[in-house]
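Enquirer: The following file, input_20.cif, comprises mmCIF, C-alpha atoms and all ligand atoms:
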data_query
#
loop_
_atom_site.group_PDB
_atom_site.id
_atom_site.type_symbol
_atom_site.label_atom_id
_atom_site.label_comp_id
_atom_site.auth_asym_id
_atom_site.auth_seq_id
_atom_site.Cartn_x
_atom_site.Cartn_y
_atom_site.Cartn_z
ATOM 1 C CA MET A 1 0.000 0.000 0.000
ATOM 2 C CA ARG A 2 1.167 3.527 -0.780
ATOM 3 C CA LYS A 3 2.461 5.390 2.253
ATOM 4 C CA VAL A 4 0.859 8.796 2.650
ATOM 5 C CA ILE A 5 1.055 11.814 4.934
ATOM 6 C CA LEU A 6 -1.932 14.145 4.695
ATOM 7 C CA ASP A 7 -1.502 17.797 5.620
ATOM 8 C CA VAL A 8 -4.809 19.502 6.383
ATOM 9 C CA ASP A 9 -6.470 22.655 7.751
ATOM 10 C CA THR A 10 -9.591 20.674 8.510
ATOM 11 C CA GLY A 11 -12.569 22.421 7.119
ATOM 12 C CA ILE A 12 -15.475 20.685 5.401
ATOM 13 C CA ASP A 13 -13.669 19.508 2.260
ATOM 14 C CA ASP A 14 -10.413 18.568 4.052
ATOM 15 C CA ALA A 15 -12.536 16.276 6.223
ATOM 16 C CA LEU A 16 -13.998 14.636 3.115
ATOM 17 C CA GLY A 17 -10.445 14.241 1.776
ATOM 18 C CA ILE A 18 -9.397 12.487 4.993
ATOM 19 C CA ILE A 19 -12.442 10.197 4.786
ATOM 20 C CA LEU A 20 -11.698 9.351 1.142
ATOM 21 C CA ALA A 21 -8.026 8.642 1.917
ATOM 22 C CA ALA A 22 -8.884 6.421 4.889
ATOM 23 C CA LYS A 23 -11.768 4.545 3.256
ATOM 24 C CA SER A 24 -10.071 4.026 -0.121
ATOM 25 C CA GLY A 25 -8.203 1.063 1.335
ATOM 26 C CA GLU A 26 -5.306 1.997 -0.945
ATOM 27 C CA PHE A 27 -3.245 4.150 1.405
ATOM 28 C CA ASP A 28 -1.168 3.372 4.430
ATOM 29 C CA LEU A 29 -1.776 6.592 6.396
ATOM 30 C CA VAL A 30 1.540 7.301 8.099
ATOM 31 C CA GLY A 31 0.111 10.386 9.789
ATOM 32 C CA ILE A 32 -1.888 13.564 9.418
ATOM 33 C CA THR A 33 -0.258 16.919 10.047
ATOM 34 C CA THR A 34 -2.443 19.937 10.712
ATOM 35 C CA VAL A 35 -1.976 23.583 9.843
ATOM 36 C CA ASN A 36 -3.579 26.960 10.456
ATOM 37 C CA GLY A 37 -5.875 27.931 7.585
ATOM 38 C CA ASN A 38 -9.653 27.585 7.312
ATOM 39 C CA VAL A 39 -9.711 27.591 11.112
ATOM 40 C CA SER A 40 -7.091 27.963 13.851
ATOM 41 C CA LEU A 41 -4.491 25.227 14.278
ATOM 42 C CA ALA A 42 -6.249 24.077 17.452
ATOM 43 C CA LYS A 43 -9.605 23.738 15.678
ATOM 44 C CA ALA A 44 -8.073 22.091 12.604
ATOM 45 C CA THR A 45 -6.421 19.552 14.899
ATOM 46 C CA GLU A 46 -9.596 18.922 16.903
ATOM 47 C CA ASN A 47 -11.674 18.571 13.729
ATOM 48 C CA THR A 48 -9.161 16.062 12.363
ATOM 49 C CA CYS A 49 -9.395 14.048 15.587
ATOM 50 C CA LYS A 50 -13.215 14.123 15.355
ATOM 51 C CA ILE A 51 -13.038 12.731 11.825
ATOM 52 C CA LEU A 52 -10.750 9.910 12.971
ATOM 53 C CA ASP A 53 -13.285 9.164 15.727
ATOM 54 C CA LEU A 54 -16.032 9.033 13.093
ATOM 55 C CA LEU A 55 -13.907 6.641 11.036
ATOM 56 C CA GLN A 56 -13.078 4.636 14.168
ATOM 57 C CA ILE A 57 -9.355 4.834 13.433
ATOM 58 C CA GLY A 58 -8.345 7.154 16.279
ATOM 59 C CA GLY A 59 -5.032 6.064 17.768
ATOM 60 C CA GLN A 60 -4.039 4.225 14.570
ATOM 61 C CA VAL A 61 -3.028 7.377 12.666
ATOM 62 C CA PRO A 62 -1.060 10.074 14.514
ATOM 63 C CA VAL A 63 -2.446 13.604 14.218
ATOM 64 C CA VAL A 64 0.488 15.994 14.562
ATOM 65 C CA PRO A 65 -0.100 19.743 14.934
ATOM 66 C CA GLY A 66 2.072 21.958 12.759
ATOM 67 C CA ALA A 67 2.265 25.689 12.041
ATOM 68 C CA SER A 68 -0.116 27.924 13.961
ATOM 69 C CA GLN A 69 0.302 30.832 11.545
ATOM 70 C CA PRO A 70 1.531 31.604 8.015
ATOM 71 C CA LEU A 71 5.287 32.235 7.519
ATOM 72 C CA LEU A 72 4.960 36.030 7.442
ATOM 73 C CA ARG A 73 1.335 37.055 7.235
ATOM 74 C CA PRO A 74 -1.564 37.336 9.647
ATOM 75 C CA MET A 75 -4.062 34.494 9.821
ATOM 76 C CA PHE A 76 -7.051 34.590 7.485
ATOM 77 C CA PHE A 77 -9.768 32.116 8.481
ATOM 78 C CA GLU A 78 -12.457 30.913 6.066
ATOM 79 C CA HIS A 79 -15.495 30.814 8.365
ATOM 80 C CA ARG A 80 -17.677 32.092 5.490
ATOM 81 C CA VAL A 81 -17.370 28.699 3.829
ATOM 82 C CA HIS A 82 -16.720 26.241 6.652
ATOM 83 C CA GLY A 83 -18.720 27.810 9.507
ATOM 84 C CA GLU A 84 -17.347 28.892 12.887
ATOM 85 C CA ASP A 85 -16.304 25.357 13.827
ATOM 86 C CA GLY A 86 -14.904 24.398 10.397
ATOM 87 C CA LEU A 87 -17.165 21.380 9.840
ATOM 88 C CA GLY A 88 -20.347 23.244 8.962
ATOM 89 C CA GLY A 89 -21.753 22.509 12.428
ATOM 90 C CA ALA A 90 -21.516 18.711 12.079
ATOM 91 C CA LEU A 91 -20.104 16.785 15.073
ATOM 92 C CA ARG A 92 -20.350 20.023 17.071
ATOM 93 C CA ASP A 93 -21.619 18.362 20.219
ATOM 94 C CA THR A 94 -19.551 15.199 20.115
ATOM 95 C CA THR A 95 -16.833 14.582 22.687
ATOM 96 C CA VAL A 96 -13.490 14.067 21.013
ATOM 97 C CA VAL A 97 -11.767 10.848 21.985
ATOM 98 C CA THR A 98 -8.726 10.859 19.712
ATOM 99 C CA GLN A 99 -5.929 13.022 21.068
ATOM 100 C CA PRO A 100 -3.218 14.718 18.994
ATOM 101 C CA ALA A 101 0.240 13.175 19.031
ATOM 102 C CA LYS A 102 3.256 14.967 20.474
ATOM 103 C CA GLY A 103 5.627 16.670 18.058
ATOM 104 C CA PHE A 104 5.547 19.330 15.357
ATOM 105 C CA GLY A 105 4.071 18.707 11.885
ATOM 106 C CA PRO A 106 7.068 19.833 9.778
ATOM 107 C CA ASP A 107 9.439 17.708 11.907
ATOM 108 C CA PHE A 108 7.090 14.730 11.538
ATOM 109 C CA ILE A 109 7.220 15.144 7.740
ATOM 110 C CA VAL A 110 11.023 15.367 7.683
ATOM 111 C CA GLU A 111 11.581 12.435 10.053
ATOM 112 C CA ASN A 112 9.189 10.089 8.298
ATOM 113 C CA VAL A 113 10.295 10.936 4.764
ATOM 114 C CA LEU A 114 13.975 10.506 5.646
ATOM 115 C CA ALA A 115 13.241 7.234 7.450
ATOM 116 C CA GLN A 116 11.504 5.817 4.352
ATOM 117 C CA PRO A 117 13.206 7.451 1.360
ATOM 118 C CA GLY A 118 11.267 7.375 -1.901
ATOM 119 C CA GLN A 119 8.220 5.856 -0.195
ATOM 120 C CA ILE A 120 6.033 8.672 1.054
ATOM 121 C CA THR A 121 3.462 10.672 -0.897
ATOM 122 C CA LEU A 122 2.523 14.020 0.632
ATOM 123 C CA ILE A 123 -1.027 15.241 0.029
ATOM 124 C CA MET A 124 -1.410 18.875 1.063
ATOM 125 C CA THR A 125 -4.901 20.377 1.323
ATOM 126 C CA GLY A 126 -4.220 23.528 3.318
ATOM 127 C CA PRO A 127 -1.812 26.458 3.073
ATOM 128 C CA LEU A 128 1.695 25.099 2.373
ATOM 129 C CA THR A 129 3.270 26.396 5.602
ATOM 130 C CA ASN A 130 4.209 22.988 7.057
ATOM 131 C CA LEU A 131 5.900 21.786 3.881
ATOM 132 C CA ALA A 132 7.802 25.078 3.501
ATOM 133 C CA LEU A 133 9.084 24.735 7.071
ATOM 134 C CA ALA A 134 10.031 21.105 6.422
ATOM 135 C CA VAL A 135 11.965 22.066 3.270
ATOM 136 C CA ARG A 136 13.713 24.893 5.063
ATOM 137 C CA LYS A 137 14.771 22.533 7.829
ATOM 138 C CA CYS A 138 15.896 19.840 5.398
ATOM 139 C CA PRO A 139 16.354 20.985 1.764
ATOM 140 C CA GLN A 140 17.372 17.454 0.649
ATOM 141 C CA LEU A 141 13.881 16.290 1.629
ATOM 142 C CA VAL A 142 12.766 16.971 -1.949
ATOM 143 C CA HIS A 143 14.859 14.036 -3.214
ATOM 144 C CA HIS A 144 13.331 11.581 -0.766
ATOM 145 C CA VAL A 145 9.606 12.267 -1.143
ATOM 146 C CA LYS A 146 7.834 9.997 -3.631
ATOM 147 C CA GLU A 147 5.580 12.822 -4.767
ATOM 148 C CA VAL A 148 3.673 15.877 -3.558
ATOM 149 C CA VAL A 149 0.082 16.551 -4.594
ATOM 150 C CA PHE A 150 -1.384 19.822 -3.350
ATOM 151 C CA MET A 151 -4.755 21.526 -3.612
ATOM 152 C CA GLY A 152 -4.070 25.140 -4.395
ATOM 153 C CA GLY A 153 -3.953 27.846 -7.019
ATOM 154 C CA VAL A 154 -5.773 28.468 -10.247
ATOM 155 C CA VAL A 155 -4.112 28.894 -13.630
ATOM 156 C CA ARG A 156 -6.817 29.839 -16.127
ATOM 157 C CA GLU A 157 -9.834 30.943 -14.169
ATOM 158 C CA HIS A 158 -10.578 33.408 -11.381
ATOM 159 C CA GLY A 159 -9.660 33.128 -7.713
ATOM 160 C CA ASN A 160 -11.947 32.398 -4.780
ATOM 161 C CA VAL A 161 -10.614 34.938 -2.250
ATOM 162 C CA THR A 162 -9.473 37.767 -4.489
ATOM 163 C CA PRO A 163 -10.127 38.056 -8.231
ATOM 164 C CA THR A 164 -6.914 36.121 -8.906
ATOM 165 C CA ALA A 165 -5.977 34.162 -5.776
ATOM 166 C CA GLU A 166 -7.138 30.773 -4.521
ATOM 167 C CA TYR A 167 -7.492 30.457 -0.723
ATOM 168 C CA ASN A 168 -4.531 28.161 0.159
ATOM 169 C CA MET A 169 -2.163 30.278 -1.917
ATOM 170 C CA PHE A 170 -3.591 33.550 -0.629
ATOM 171 C CA VAL A 171 -3.134 32.593 3.025
ATOM 172 C CA ASP A 172 0.564 31.774 2.752
ATOM 173 C CA PRO A 173 2.049 32.745 -0.625
ATOM 174 C CA GLU A 174 5.591 32.843 0.820
ATOM 175 C CA ALA A 175 5.245 29.196 1.824
ATOM 176 C CA ALA A 176 3.949 28.323 -1.641
ATOM 177 C CA LYS A 177 6.987 30.082 -3.151
ATOM 178 C CA VAL A 178 9.366 27.999 -1.043
ATOM 179 C CA VAL A 179 7.614 24.794 -2.130
ATOM 180 C CA PHE A 180 7.410 25.738 -5.825
ATOM 181 C CA HIS A 181 11.150 26.490 -5.960
ATOM 182 C CA ALA A 182 12.367 23.688 -3.702
ATOM 183 C CA GLY A 183 13.040 21.292 -6.598
ATOM 184 C CA PHE A 184 10.497 18.516 -5.955
ATOM 185 C CA PRO A 185 10.789 16.175 -8.958
ATOM 186 C CA GLU A 186 7.088 15.271 -8.718
ATOM 187 C CA LEU A 187 4.885 18.148 -7.618
ATOM 188 C CA THR A 188 1.257 18.311 -8.780
ATOM 189 C CA LEU A 189 -1.020 21.332 -8.617
ATOM 190 C CA VAL A 190 -4.711 20.510 -8.238
ATOM 191 C CA GLY A 191 -6.250 23.942 -8.608
ATOM 192 C CA LEU A 192 -9.660 25.556 -8.933
ATOM 193 C CA ASP A 193 -9.607 24.969 -12.707
ATOM 194 C CA VAL A 194 -10.387 21.314 -11.982
ATOM 195 C CA THR A 195 -11.781 21.286 -8.428
ATOM 196 C CA ARG A 196 -14.658 23.606 -9.396
ATOM 197 C CA LYS A 197 -15.749 21.024 -11.952
ATOM 198 C CA VAL A 198 -16.159 18.312 -9.323
ATOM 199 C CA LEU A 199 -19.481 19.233 -7.702
ATOM 200 C CA LEU A 200 -21.078 17.148 -4.976
ATOM 201 C CA ASN A 201 -24.864 17.344 -5.210
ATOM 202 C CA GLU A 202 -27.838 15.989 -3.274
ATOM 203 C CA ASP A 203 -28.094 12.879 -5.468
ATOM 204 C CA HIS A 204 -24.517 11.947 -4.526
ATOM 205 C CA ILE A 205 -25.315 12.530 -0.862
ATOM 206 C CA ARG A 206 -28.435 10.338 -1.096
ATOM 207 C CA GLU A 207 -26.323 7.604 -2.679
ATOM 208 C CA LEU A 208 -24.108 7.549 0.397
ATOM 209 C CA GLY A 209 -27.093 6.243 2.340
ATOM 210 C CA ASP A 210 -28.240 6.500 5.927
ATOM 211 C CA THR A 211 -24.955 5.490 7.560
ATOM 212 C CA PRO A 212 -22.804 7.425 10.072
ATOM 213 C CA ILE A 213 -20.642 8.685 7.185
ATOM 214 C CA GLY A 214 -23.620 9.405 4.930
ATOM 215 C CA ARG A 215 -25.324 11.362 7.722
ATOM 216 C CA TYR A 216 -22.106 13.220 8.510
ATOM 217 C CA VAL A 217 -21.604 14.267 4.863
ATOM 218 C CA LYS A 218 -25.217 15.438 4.623
ATOM 219 C CA GLN A 219 -24.946 17.496 7.806
ATOM 220 C CA SER A 220 -21.524 19.025 7.175
ATOM 221 C CA THR A 221 -22.298 20.082 3.587
ATOM 222 C CA ALA A 222 -25.827 21.485 4.120
ATOM 223 C CA ASP A 223 -24.798 25.147 4.525
ATOM 224 C CA TYR A 224 -22.041 24.772 1.942
ATOM 225 C CA LEU A 225 -24.610 23.597 -0.650
ATOM 226 C CA GLN A 226 -26.925 26.457 0.270
ATOM 227 C CA ARG A 227 -24.197 29.099 -0.143
ATOM 228 C CA TYR A 228 -23.264 27.679 -3.542
ATOM 229 C CA PHE A 229 -26.956 27.783 -4.483
ATOM 230 C CA GLU A 230 -27.220 31.468 -3.526
ATOM 231 C CA ARG A 231 -24.285 32.296 -5.803
ATOM 232 C CA ASN A 232 -24.809 29.872 -8.676
ATOM 233 C CA GLY A 233 -28.442 28.737 -8.572
ATOM 234 C CA VAL A 234 -27.459 25.057 -8.127
ATOM 235 C CA ARG A 235 -27.329 23.082 -4.869
ATOM 236 C CA ALA A 236 -23.811 21.663 -5.016
ATOM 237 C CA CYS A 237 -20.365 22.120 -3.548
ATOM 238 C CA ALA A 238 -16.870 21.822 -4.987
ATOM 239 C CA MET A 239 -14.774 18.879 -3.845
ATOM 240 C CA HIS A 240 -11.486 20.805 -3.760
ATOM 241 C CA ASP A 241 -9.534 18.747 -1.238
ATOM 242 C CA PRO A 242 -11.028 15.310 -1.988
ATOM 243 C CA LEU A 243 -9.927 15.785 -5.608
ATOM 244 C CA ALA A 244 -6.285 16.222 -4.491
ATOM 245 C CA VAL A 245 -6.593 12.930 -2.585
ATOM 246 C CA ALA A 246 -8.219 11.285 -5.601
ATOM 247 C CA VAL A 247 -5.443 12.495 -7.926
ATOM 248 C CA ALA A 248 -2.923 10.808 -5.636
ATOM 249 C CA LEU A 249 -5.046 7.647 -5.827
ATOM 250 C CA ASP A 250 -5.560 7.687 -9.581
ATOM 251 C CA ARG A 251 -3.686 10.049 -11.888
ATOM 252 C CA ASP A 252 -5.952 9.068 -14.782
ATOM 253 C CA LEU A 253 -8.772 11.141 -13.281
ATOM 254 C CA VAL A 254 -7.031 14.271 -14.553
ATOM 255 C CA THR A 255 -5.168 15.549 -17.577
ATOM 256 C CA THR A 256 -1.929 17.249 -16.603
ATOM 257 C CA GLN A 257 0.785 19.262 -18.289
ATOM 258 C CA LYS A 258 4.303 19.904 -16.990
ATOM 259 C CA LEU A 259 4.666 23.677 -16.697
ATOM 260 C CA TYR A 260 6.481 26.418 -14.820
ATOM 261 C CA VAL A 261 4.333 28.039 -12.141
ATOM 262 C CA ASP A 262 5.257 30.811 -9.724
ATOM 263 C CA VAL A 263 3.220 32.635 -7.113
ATOM 264 C CA GLU A 264 2.870 36.376 -6.562
ATOM 265 C CA THR A 265 4.020 37.665 -3.159
ATOM 266 C CA ARG A 266 4.620 41.368 -3.767
ATOM 267 C CA SER A 267 1.426 42.867 -5.123
ATOM 268 C CA ASP A 268 -1.361 44.624 -3.227
ATOM 269 C CA LEU A 269 -3.861 43.387 -5.761
ATOM 270 C CA CYS A 270 -2.615 39.954 -6.777
ATOM 271 C CA ASP A 271 -0.814 38.337 -3.816
ATOM 272 C CA GLY A 272 -1.343 34.590 -3.886
ATOM 273 C CA GLN A 273 -2.007 34.479 -7.629
ATOM 274 C CA THR A 274 -0.447 31.424 -9.273
ATOM 275 C CA VAL A 275 1.098 32.454 -12.575
ATOM 276 C CA CYS A 276 1.443 29.599 -15.061
ATOM 277 C CA ASP A 277 3.835 30.142 -17.947
ATOM 278 C CA PHE A 278 1.905 28.270 -20.668
ATOM 279 C CA GLN A 279 4.019 29.743 -23.462
ATOM 280 C CA ASN A 280 7.381 29.530 -21.677
ATOM 281 C CA ARG A 281 7.819 33.308 -21.841
ATOM 282 C CA LEU A 282 10.134 33.186 -18.827
ATOM 283 C CA GLY A 283 12.323 30.438 -20.268
ATOM 284 C CA MET A 284 12.191 28.455 -17.015
ATOM 285 C CA GLU A 285 12.191 24.672 -16.637
ATOM 286 C CA PRO A 286 8.751 23.282 -15.715
ATOM 287 C CA ASN A 287 8.501 22.801 -11.942
ATOM 288 C CA MET A 288 5.186 20.984 -11.584
ATOM 289 C CA ASN A 289 2.379 18.986 -13.179
ATOM 290 C CA VAL A 290 -0.650 21.220 -13.566
ATOM 291 C CA CYS A 291 -4.111 19.629 -13.683
ATOM 292 C CA LEU A 292 -6.052 21.075 -16.604
ATOM 293 C CA ALA A 293 -9.036 18.758 -17.018
ATOM 294 C CA VAL A 294 -10.873 16.228 -14.850
ATOM 295 C CA ASP A 295 -13.250 13.309 -15.291
ATOM 296 C CA ASP A 296 -15.781 14.291 -12.623
ATOM 297 C CA GLU A 297 -17.979 11.215 -13.138
ATOM 298 C CA ALA A 298 -15.029 8.910 -12.545
ATOM 299 C CA PHE A 299 -14.177 10.925 -9.431
ATOM 300 C CA PHE A 300 -17.660 10.474 -7.957
ATOM 301 C CA GLU A 301 -17.763 6.793 -8.858
ATOM 302 C CA ARG A 302 -14.560 6.332 -6.820
ATOM 303 C CA PHE A 303 -15.574 8.723 -4.026
ATOM 304 C CA ILE A 304 -18.978 7.129 -3.420
ATOM 305 C CA ARG A 305 -17.606 3.584 -3.660
ATOM 306 C CA ALA A 306 -14.932 4.407 -1.079
ATOM 307 C CA LEU A 307 -17.273 6.171 1.335
ATOM 308 C CA LYS A 308 -19.801 3.329 1.187
ATOM 309 C CA ALA A 309 -17.134 0.650 1.734
HETATM 310 C C1 LIG B 401 -9.317 25.479 -0.526
HETATM 311 O O1 LIG B 401 -9.594 26.494 0.424
HETATM 312 C C2 LIG B 401 -10.104 25.950 1.597
HETATM 313 O O2 LIG B 401 -11.125 26.749 2.124
HETATM 314 C C3 LIG B 401 -10.558 24.552 1.253
HETATM 315 O O3 LIG B 401 -10.447 23.694 2.372
HETATM 316 C C4 LIG B 401 -9.647 24.148 0.131
HETATM 317 O O4 LIG B 401 -8.457 23.557 0.616
HETATM 318 C C5 LIG B 401 -10.104 25.762 -1.788
HETATM 319 O O5 LIG B 401 -9.713 26.987 -2.324
HETATM 320 CA CA CA B 402 -8.296 22.802 2.896
#
As a first step, turn the structure in this file into structure tokens.
Ligand code: BDR
Ligand code: CA
Expert:
Amino acid sequence: MRKVILDVDTGIDDALGIILAAKSGEFDLVGITTVNGNVSLAKATENTCKILDLLQIGGQVPVVPGASQPLLRPMFFEHRVHGEDGLGGALRDTTVVTQPAKGFGPDFIVENVLAQPGQITLIMTGPLTNLALAVRKCPQLVHHVKEVVFMGGVVREHGNVTPTAEYNMFVDPEAAKVVFHAGFPELTLVGLDVTRKVLLNEDHIRELGDTPIGRYVKQSTADYLQRYFERNGVRACAMHDPLAVAVALDRDLVTTQKLYVDVETRSDLCDGQTVCDFQNRLGMEPNMNVCLAVDDEAFFERFIRALKA
């Protein structure tokens, strides 16, 4: 089984990514590191522990808290989307049983990757702060990771925080810059261009059935679906983070192109914008695989099968 570390800022879609990763049966989850982002580090960590309780795998997968703030910038929570608690109100009144492990997320990444060179896939679904800190601590890390798949950025369409910036990039663009230029041989950007095309709707939720996971998904996505409806006239919500997990599971779900991508860090208007050099105007070597198209039906076939397993 593929060894995986997930790095999450557990909001609604991170939680669905964790559930997909755990229920796929195809990953050996080495650990989950948490990061400040959608909610505070403490909430992201608690939400992650609640999801492991739901999955009944608490204690089997260490949850290791990482960075409590971006490298240089103030925190910028996303309560608009994920609610005050980060899980859209689901599991609000449950008592958490799983406790976080000791240690610091970036150190956990470095130690585990170096202990199992070439074995570990990193799936990042929050701001890239933990991975930037790991790379700074150990620059040779890049040669020992199997691959990195991250949800972040947008290369052809508009942003979701500012007109040009996607949330994970906007929150910590300096961290994204460190990661983009670190020299990872296999780095894959799963951005809004594809994640916005993967829309969970009420039919999908019904298909999950009346099970603890089905009920959880229904509850946690209710407000999310409503907000999307108010903006777009359709009751659905984008599976940003689960798609990053799914791309790590099955690369054939997406069409990718190797391209050079950088991120803006010095503009009042465009900080966090991912700039993709489609025509090689900058003459730089490609530094990542960029997802440009997705088979959303194949995604949902896999997602629903895994969650019902
Ligand atoms: C990303 O932003 C966060 O709010 C989501 O969890 C996802 O990782 C989408 O832009
Ligand atoms: Ca996230």
Enquirer: Using all atoms listed in the file, determine which residues lie at most 10 Å from Thr274 in chain A, disregarding the query and same-chain residues fewer than 2 positions distant; provide the list as a list in words.
Expert: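 Here the qualifying residues turn out to be Gly152, Gly153, Val154, Val155, Arg156, Gly159, Thr164, Ala165, Glu166, Met169, Phe170, Pro173, Ala176, Lys177, Gly191, Val261, Asp262, Val263, Glu264, Thr265, Cys270, Asp271, Gly272, Cys276 and Asp277 of chain A.
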Enquirer: Could you list the residues chosen by the PyMOL selection byres (((not hetatm)) within 10 of (chain B and resi 402)) in this structure as a PyMOL selection string?
Expert: chain A and resi 7-17+35-39+44+78+82+124-127+150-152+167-168+240-242
Enquirer: Can you tell me, as a ChimeraX atom specification, what residues are no more than 10 Å from Cys237 in chain A when counting only C-alpha atoms, ignoring any on the same chain fewer than 6 positions away?
Expert: /A:13,195-202,221-229
Enquirer: Name the residues in contact with Gln56 in chain A at a cut-off of 12 Å, using all atoms listed in the file, excluding same-chain residues fewer than 4 positions from it; report them as a list in words.
Expert: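 The filter keeps Ile19, Ala22, Lys23, Cys49, Lys50, Ile51, Leu52, Gln60, Val61, Val96, Val97, Thr98, Pro212 and Ile213 of chain A.
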Enquirer: Have a look at CA of Tyr216 in chain A and CA of Val149 in chain A and let me know their distance in Å, one decimal.
Expert: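 Spanning CA of Tyr216 in chain A to CA of Val149 in chain A is a straight-line distance of 26.0 Å.
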Enquirer: Distance CA of Asn289 in chain A-CA of Glu186 in chain A, one decimal place?
Expert: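 Pair CA of Asn289 in chain A / CA of Glu186 in chain A returns 7.5 Å.
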Enquirer: Once the PyMOL selection byres (((chain A and resi 62) around 8) and not hetatm) has been evaluated on this model, what residues remain selected, and can you format them as number ranges by chain?
Expert: A: 30-32, 59-61, 63-64, 100-101
Enquirer: Kindly resolve the PyMOL selection byres (((chain A and resi 246) around 9) and not hetatm) on the present coordinates and return the residues as number ranges by chain.
Expert: A: 17, 20-21, 241-245, 247-251, 253, 299, 302-303
Enquirer: Using the structure block above, produce a file of range 192-250 of chain A that contains C-alpha atoms, as a tab-separated table (two decimals), in the first residue's frame.
Expert:
chain	number	residue	atom	x	y	z
A	192	LEU	CA	-9.66	25.56	-8.93
A	193	ASP	CA	-9.61	24.97	-12.71
A	194	VAL	CA	-10.39	21.31	-11.98
A	195	THR	CA	-11.78	21.29	-8.43
A	196	ARG	CA	-14.66	23.61	-9.40
A	197	LYS	CA	-15.75	21.02	-11.95
A	198	VAL	CA	-16.16	18.31	-9.32
A	199	LEU	CA	-19.48	19.23	-7.70
A	200	LEU	CA	-21.08	17.15	-4.98
A	201	ASN	CA	-24.86	17.34	-5.21
A	202	GLU	CA	-27.84	15.99	-3.27
A	203	ASP	CA	-28.09	12.88	-5.47
A	204	HIS	CA	-24.52	11.95	-4.53
A	205	ILE	CA	-25.31	12.53	-0.86
A	206	ARG	CA	-28.44	10.34	-1.10
A	207	GLU	CA	-26.32	7.60	-2.68
A	208	LEU	CA	-24.11	7.55	0.40
A	209	GLY	CA	-27.09	6.24	2.34
A	210	ASP	CA	-28.24	6.50	5.93
A	211	THR	CA	-24.96	5.49	7.56
A	212	PRO	CA	-22.80	7.42	10.07
A	213	ILE	CA	-20.64	8.69	7.18
A	214	GLY	CA	-23.62	9.40	4.93
A	215	ARG	CA	-25.32	11.36	7.72
A	216	TYR	CA	-22.11	13.22	8.51
A	217	VAL	CA	-21.60	14.27	4.86
A	218	LYS	CA	-25.22	15.44	4.62
A	219	GLN	CA	-24.95	17.50	7.81
A	220	SER	CA	-21.52	19.02	7.17
A	221	THR	CA	-22.30	20.08	3.59
A	222	ALA	CA	-25.83	21.48	4.12
A	223	ASP	CA	-24.80	25.15	4.53
A	224	TYR	CA	-22.04	24.77	1.94
A	225	LEU	CA	-24.61	23.60	-0.65
A	226	GLN	CA	-26.93	26.46	0.27
A	227	ARG	CA	-24.20	29.10	-0.14
A	228	TYR	CA	-23.26	27.68	-3.54
A	229	PHE	CA	-26.96	27.78	-4.48
A	230	GLU	CA	-27.22	31.47	-3.53
A	231	ARG	CA	-24.29	32.30	-5.80
A	232	ASN	CA	-24.81	29.87	-8.68
A	233	GLY	CA	-28.44	28.74	-8.57
A	234	VAL	CA	-27.46	25.06	-8.13
A	235	ARG	CA	-27.33	23.08	-4.87
A	236	ALA	CA	-23.81	21.66	-5.02
A	237	CYS	CA	-20.36	22.12	-3.55
A	238	ALA	CA	-16.87	21.82	-4.99
A	239	MET	CA	-14.77	18.88	-3.85
A	240	HIS	CA	-11.49	20.80	-3.76
A	241	ASP	CA	-9.53	18.75	-1.24
A	242	PRO	CA	-11.03	15.31	-1.99
A	243	LEU	CA	-9.93	15.79	-5.61
A	244	ALA	CA	-6.29	16.22	-4.49
A	245	VAL	CA	-6.59	12.93	-2.58
A	246	ALA	CA	-8.22	11.28	-5.60
A	247	VAL	CA	-5.44	12.49	-7.93
A	248	ALA	CA	-2.92	10.81	-5.64
A	249	LEU	CA	-5.05	7.65	-5.83
A	250	ASP	CA	-5.56	7.69	-9.58
